[in-house]
Amino acid sequence: MRRLLVVTVLSLILGPTLPSAQAAVWRVKEGSEVVFISKASIESFDGKTRHVRGHIACDLERLLGPVELAIEVDLASLDTGISLRNKHMRERHLETGKFPLAVFTAEEVIAASAAALAPGATETVTVRGQFVLHGVTHQREITARVSLAAGGVLTVAADFPVKLSDHDISRPTFLVLRLADEQQVAVRLVMAPEAP
């Protein structure tokens, strides 16, 4: 009885179950990119960055269930192609001096198109996690396409909307164009396996 109590207390302290012993770790490498697409009534533009870091620990033989995922994006490196627009976006709206990163962390895969990810295959997974932007955290479910290539390299692609108002970000106005509240985010990650 005492042993059961200790195990229960430890599980409450440690939180969700970690990925199985078969889990491997992949880290974000060069070639990864995050793009946001901003739309206004007449024009739209992209902001891009390759300053992305993070990792995933999971068991490719069992896609559903626990996962350890952490991705950070350096918002001060977003480039819209116009230096003055970059400055206004970073200083007035994203306030990168106070909130330099956008972060997504997840602990669970809640849906998967297959039980496992085989070499050469692409599967769709949905993860539940926490998205932090501009100091505001929201629980999100994000669906991604995951592929396993030669050499064990994972590629992850996800597209999802982000509402500026959900994160207390004022809607930018450039010249006479006021951007839409909802922005589209496209994430393309290339992840290399970590040596055991």
# chains A, B, ... in the order shown; residues from 1 in each chain; ligands from 1
>>> select_by_dssp(residues="region 24-129 of chain A", states="strand (DSSP E or B)", output="ChimeraX atom specification")
/A:24-28,33-39,44-49,52-58,65-74,79,101-112,122-129
>>> closest_residue(among="A:Gly65, A:Pro100, A:Gly31, A:Gly54", to="Gly135 (chain A)", atoms="only C-alpha atoms")
A:Pro100
>>> atom_distance(atom1="CA of Ala121 (chain A)", atom2="CA of Ile56 (chain A)")
18.1 Å
>>> closest_residue(among="A:Asp159, A:Glu95, A:Asp59, A:Glu68", to="Val34 (chain A)", atoms="only C-alpha atoms")
A:Asp159
>>> select_by_dssp(residues="region 18-188 of chain A", states="alpha helix (DSSP H)", output="ChimeraX atom specification")
/A:83-88
>>> write_last_selection(atoms="N, CA and C atoms", output="mmCIF file, in the first residue's frame")
data_model
loop_
_atom_site.group_PDB
_atom_site.id
_atom_site.type_symbol
_atom_site.label_atom_id
_atom_site.label_comp_id
_atom_site.auth_asym_id
_atom_site.auth_seq_id
_atom_site.Cartn_x
_atom_site.Cartn_y
_atom_site.Cartn_z
ATOM 1 N N SER A 83 13.089 46.582 -44.311
ATOM 2 C CA SER A 83 13.706 46.796 -42.995
ATOM 3 C C SER A 83 12.853 47.659 -42.065
ATOM 4 N N LEU A 84 12.200 48.711 -42.592
ATOM 5 C CA LEU A 84 11.361 49.548 -41.736
ATOM 6 C C LEU A 84 10.154 48.774 -41.221
ATOM 7 N N ARG A 85 9.566 47.947 -42.084
ATOM 8 C CA ARG A 85 8.432 47.115 -41.651
ATOM 9 C C ARG A 85 8.883 46.117 -40.593
ATOM 10 N N ASN A 86 10.078 45.546 -40.771
ATOM 11 C CA ASN A 86 10.636 44.637 -39.758
ATOM 12 C C ASN A 86 10.747 45.341 -38.415
ATOM 13 N N LYS A 87 11.294 46.553 -38.440
ATOM 14 C CA LYS A 87 11.500 47.322 -37.191
ATOM 15 C C LYS A 87 10.164 47.594 -36.497
ATOM 16 N N HIS A 88 9.175 48.055 -37.249
ATOM 17 C CA HIS A 88 7.858 48.347 -36.658
ATOM 18 C C HIS A 88 7.209 47.078 -36.104
#
>>> residues_around(residues="region 152-155 of chain A", least_positions_apart="2", cutoff="7 Å", atoms="only C-alpha atoms", output="PyMOL selection string")
chain A and resi 146-150+157+189-193
>>> write_last_selection(atoms="C-alpha atoms", output="PDB file, in the first residue's frame")
ATOM      1  CA  VAL A 146       5.696  13.832 -40.528  1.00  0.00           C
ATOM      2  CA  SER A 147       8.039  11.967 -42.883  1.00  0.00           C
ATOM      3  CA  LEU A 148      10.945   9.643 -42.135  1.00  0.00           C
ATOM      4  CA  ALA A 149      13.717   9.851 -44.738  1.00  0.00           C
ATOM      5  CA  ALA A 150      16.998   8.059 -45.308  1.00  0.00           C
ATOM      6  CA  ALA A 157       5.289  20.341 -41.801  1.00  0.00           C
ATOM      7  CA  LEU A 189      11.262  21.473 -39.748  1.00  0.00           C
ATOM      8  CA  VAL A 190      14.161  19.264 -40.703  1.00  0.00           C
ATOM      9  CA  MET A 191      15.219  17.182 -37.706  1.00  0.00           C
ATOM     10  CA  ALA A 192      18.327  15.025 -37.394  1.00  0.00           C
ATOM     11  CA  PRO A 193      18.511  12.002 -35.087  1.00  0.00           C
TER      12      PRO A 193
END
>>> atom_distance(atom1="CA of Arg171 (chain A)", atom2="CA of Arg90 (chain A)")
12.5 Å
>>> atom_distance(atom1="CA of Lys48 (chain A)", atom2="CA of Val35 (chain A)")
4.4 Å
>>> closest_residue(among="A:Thr126, A:Ser165, A:Gln22, A:Thr137", to="His93 (chain A)", atoms="only C-alpha atoms")
A:Ser165
>>> residues_around(residues="Arg62 (chain A)", least_positions_apart="2", cutoff="10 Å", atoms="only C-alpha atoms", output="mmCIF file with C-alpha atoms, in the first residue's frame")
data_model
loop_
_atom_site.group_PDB
_atom_site.id
_atom_site.type_symbol
_atom_site.label_atom_id
_atom_site.label_comp_id
_atom_site.auth_asym_id
_atom_site.auth_seq_id
_atom_site.Cartn_x
_atom_site.Cartn_y
_atom_site.Cartn_z
ATOM 1 C CA PRO A 19 7.790 8.511 -24.163
ATOM 2 C CA SER A 20 8.626 4.814 -23.949
ATOM 3 C CA GLN A 22 12.069 2.921 -27.401
ATOM 4 C CA ALA A 23 11.899 6.713 -27.824
ATOM 5 C CA CYS A 58 9.110 9.961 -29.455
ATOM 6 C CA ASP A 59 8.683 6.309 -30.371
ATOM 7 C CA LEU A 60 8.079 5.982 -34.119
ATOM 8 C CA LEU A 64 -0.156 7.747 -30.343
ATOM 9 C CA GLY A 65 0.517 8.711 -26.767
ATOM 10 C CA PRO A 66 3.336 10.476 -24.953
ATOM 11 C CA VAL A 109 -0.050 12.815 -29.712
ATOM 12 C CA ALA A 112 -2.368 9.640 -35.902
ATOM 13 C CA ALA A 114 -1.158 5.138 -38.655
ATOM 14 C CA ALA A 115 0.109 3.261 -35.626
ATOM 15 C CA ALA A 116 3.765 3.714 -36.630
ATOM 16 C CA LEU A 117 5.949 5.790 -38.971
#
>>> closest_residue(among="A:Glu30, A:Asp79, A:Asp166, A:Glu108", to="Phe45 (chain A)", atoms="only C-alpha atoms")
A:Asp79
>>> closest_residue(among="A:Leu101, A:Ala144, A:Ile82, A:Ala76", to="Arg53 (chain A)", atoms="only C-alpha atoms")
A:Leu101
>>> residues_around(residues="Gln184 (chain A)", least_positions_apart="3", cutoff="7 Å", atoms="only C-alpha atoms", output="ChimeraX atom specification")
/A:36-38,160-162
